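Asks: Handing you a structure now.
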Amino acid sequence: MFSIGDRIVYPMHGAGIIEAIEKQRILGEIREYYILRIPVGDMKIMIPCDQTDCVGVREIIDKKQLKNVESALRGDSTDMPCNWNRRYRDNMDKLKTGDLRCVCEVVRNLMRADKVKKLSAGEKKMLSSAKQILISELILVSDKCVEEITVLIERLVYGDSA
């Protein structure tokens with residue numbers, strides 16, 4: 001169980017800080033919910049306390065693990081299927097894991113693919129979501145602002161000359 005003030009990641013939405021734990025009646029059922037504030041977009045999310053394991057909620061990484069993020073973003077692009085539908089599903093499956101390394105891989109591959117050939121509308125939206133997920137966690141780990149993290153990601157993905 002998490003506590004108020006804990007920094008956690010909610011897969012497909014990003015990282016945030018638990019502001020409260022509240023009982024709410026939804027669809028006639030009273031349950032406890034974590035009230036999570038995500039710094040990117042100033043979004044609030046309610047997560048059922050008893051569902052955190054099955055949806056993949058986890059604590060944010062620590063500063064020591066930032067090197068892993070940097071190496072994942074710098075790393076070689078991985079092969080993606082040529083079929084748009086298959087590529088989209090593969091990337092969506094990676095994002096759903098909540099694993100930051102997988103999120104980095106999706107961001108890196110889609111950013112580089114967009115430089116070569118413009119992404120479809122669906123993949124642009126996926127890239128935007130994946131970046132938001134990545135940025136939200138990096139903000140909480142590094143105490144930097146959105147702009148600084150965005151520049152860092154671009155520099156790591158495209159090389160130091162970006």
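Lettering and numbering for the structure tokens are positional, with chains as A, B, ... in the shown order, residues counted from 1 in each chain, and ligands counted from 1 in the shown order.
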Please give the complete set of residues from chain A that DSSP, run on the backbone, assigns to strand (DSSP E or B), formatted as a VMD selection string.
Replies: chain A and resid 7 to 10 14 to 26 29 to 38 43 to 48 58 to 59
Asks: Give me a file of those residues, with C-alpha atoms, as a short mmCIF file (atom, residue, chain, number, x, y, z; two decimals), in the first residue's frame.
Replies:
```
data_model
loop_
_atom_site.label_atom_id
_atom_site.label_comp_id
_atom_site.auth_asym_id
_atom_site.auth_seq_id
_atom_site.Cartn_x
_atom_site.Cartn_y
_atom_site.Cartn_z
CA ARG A 7 5.74 9.17 -6.01
CA ILE A 8 4.29 6.44 -8.20
CA VAL A 9 3.80 5.56 -11.85
CA TYR A 10 0.41 4.67 -13.29
CA GLY A 14 2.56 8.68 -16.13
CA ALA A 15 4.14 9.46 -12.80
CA GLY A 16 2.70 11.59 -10.05
CA ILE A 17 2.46 12.23 -6.35
CA ILE A 18 -0.30 10.79 -4.20
CA GLU A 19 -2.12 13.83 -2.79
CA ALA A 20 -4.81 12.00 -0.87
CA ILE A 21 -6.43 8.67 -0.16
CA GLU A 22 -10.21 8.99 -0.27
CA LYS A 23 -13.26 6.79 -0.01
CA GLN A 24 -15.60 7.31 -2.95
CA ARG A 25 -18.90 5.78 -3.96
CA ILE A 26 -18.77 4.92 -7.65
CA GLU A 29 -19.70 0.68 -4.48
CA ILE A 30 -17.57 2.39 -1.82
CA ARG A 31 -13.84 1.94 -2.40
CA GLU A 32 -10.62 3.63 -1.39
CA TYR A 33 -8.81 5.56 -4.11
CA TYR A 34 -5.39 7.13 -4.43
CA ILE A 35 -5.69 10.67 -5.75
CA LEU A 36 -2.66 11.06 -7.99
CA ARG A 37 -1.51 14.41 -9.39
CA ILE A 38 0.56 14.11 -12.54
CA MET A 43 -3.89 16.04 -14.32
CA LYS A 44 -5.54 14.30 -11.37
CA ILE A 45 -6.29 10.58 -11.51
CA MET A 46 -8.18 8.32 -9.11
CA ILE A 47 -6.71 4.83 -8.78
CA PRO A 48 -8.55 2.14 -6.81
CA ARG A 58 4.95 1.06 -9.20
CA GLU A 59 7.24 3.48 -7.39
#
```
Asks: Tell me which protein, DNA and RNA residues are within 8 Å of range 123-131 of chain A, counting only C-alpha atoms, leaving out same-chain ones fewer than 2 positions away, and put them as a ChimeraX atom specification.
Replies: /A:12-13,88,92,95,103,106-107,110-111,119-121,133-135
Asks: Just C-alpha atoms for this one: save the residues we selected as an mmCIF file, in the first residue's frame.
Replies:
```cif
data_model
loop_
_atom_site.group_PDB
_atom_site.id
_atom_site.type_symbol
_atom_site.label_atom_id
_atom_site.label_comp_id
_atom_site.auth_asym_id
_atom_site.auth_seq_id
_atom_site.Cartn_x
_atom_site.Cartn_y
_atom_site.Cartn_z
ATOM 1 C CA MET A 12 -0.395 4.701 -19.697
ATOM 2 C CA HIS A 13 -0.808 7.934 -17.701
ATOM 3 C CA TYR A 88 1.237 0.268 -33.244
ATOM 4 C CA MET A 92 1.126 -0.067 -27.202
ATOM 5 C CA LEU A 95 3.646 1.223 -22.977
ATOM 6 C CA VAL A 103 8.663 3.578 -22.639
ATOM 7 C CA VAL A 106 8.992 3.564 -27.823
ATOM 8 C CA VAL A 107 9.952 7.249 -27.513
ATOM 9 C CA LEU A 110 9.193 6.794 -32.847
ATOM 10 C CA MET A 111 11.210 10.027 -32.594
ATOM 11 C CA LEU A 119 4.585 9.378 -38.510
ATOM 12 C CA SER A 120 0.902 8.703 -39.030
ATOM 13 C CA ALA A 121 -1.578 10.586 -36.857
ATOM 14 C CA ILE A 133 4.720 9.352 -19.503
ATOM 15 C CA LEU A 134 8.524 9.561 -19.682
ATOM 16 C CA ILE A 135 8.702 13.281 -18.904
#
```
Asks: Need to verify the contact set: range 142-156 of chain A, 8 Å, only C-alpha atoms, exclusion of same-chain residues closer than 6 positions in sequence. Can you return it as an mmCIF file with N, CA and C atoms, in the first residue's frame?
Replies:
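Produced file selection-v6.cif, reproduced below:
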```cif
data_model
loop_
_atom_site.group_PDB
_atom_site.id
_atom_site.type_symbol
_atom_site.label_atom_id
_atom_site.label_comp_id
_atom_site.auth_asym_id
_atom_site.auth_seq_id
_atom_site.Cartn_x
_atom_site.Cartn_y
_atom_site.Cartn_z
ATOM 1 N N VAL A 40 2.743 16.704 -15.507
ATOM 2 C CA VAL A 40 2.615 17.113 -16.902
ATOM 3 C C VAL A 40 1.126 17.219 -17.214
ATOM 4 N N LYS A 63 17.341 8.150 -8.557
ATOM 5 C CA LYS A 63 18.324 8.899 -9.356
ATOM 6 C C LYS A 63 19.411 8.004 -9.937
ATOM 7 N N GLU A 70 19.098 7.103 -19.707
ATOM 8 C CA GLU A 70 19.965 7.754 -20.694
ATOM 9 C C GLU A 70 20.494 6.753 -21.709
ATOM 10 N N LEU A 73 17.717 5.706 -24.152
ATOM 11 C CA LEU A 73 17.398 6.736 -25.148
ATOM 12 C C LEU A 73 18.522 6.906 -26.171
ATOM 13 N N ARG A 74 19.768 6.697 -25.751
ATOM 14 C CA ARG A 74 20.914 6.798 -26.658
ATOM 15 C C ARG A 74 21.067 5.554 -27.526
ATOM 16 N N ILE A 135 8.398 11.974 -19.485
ATOM 17 C CA ILE A 135 8.702 13.281 -18.904
ATOM 18 C C ILE A 135 8.170 13.380 -17.477
ATOM 19 N N ALA A 162 21.950 17.642 -31.220
ATOM 20 C CA ALA A 162 20.552 18.088 -31.390
ATOM 21 C C ALA A 162 20.256 19.337 -30.591
#
```
Asks: Measure the distance from CA of Gly98 in chain A to CA of Ala72 in chain A in Å and round it to one decimal.
Replies: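 CA of Ala72 in chain A lies at a distance of 14.9 Å from CA of Gly98 in chain A.
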Asks: Can you pull out every residue within 10 Å of Asp76 in chain A, counting only C-alpha atoms, but drop anything in the same chain fewer than 3 positions away, and send it as a count of residues only?
Replies: 8
Asks: Quick check, in Å to one decimal: how far apart do CA of Ser3 in chain A and CA of Cys49 in chain A lie?
Replies: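 Atom-to-atom, CA of Ser3 in chain A and CA of Cys49 in chain A are spaced 10.4 Å apart.
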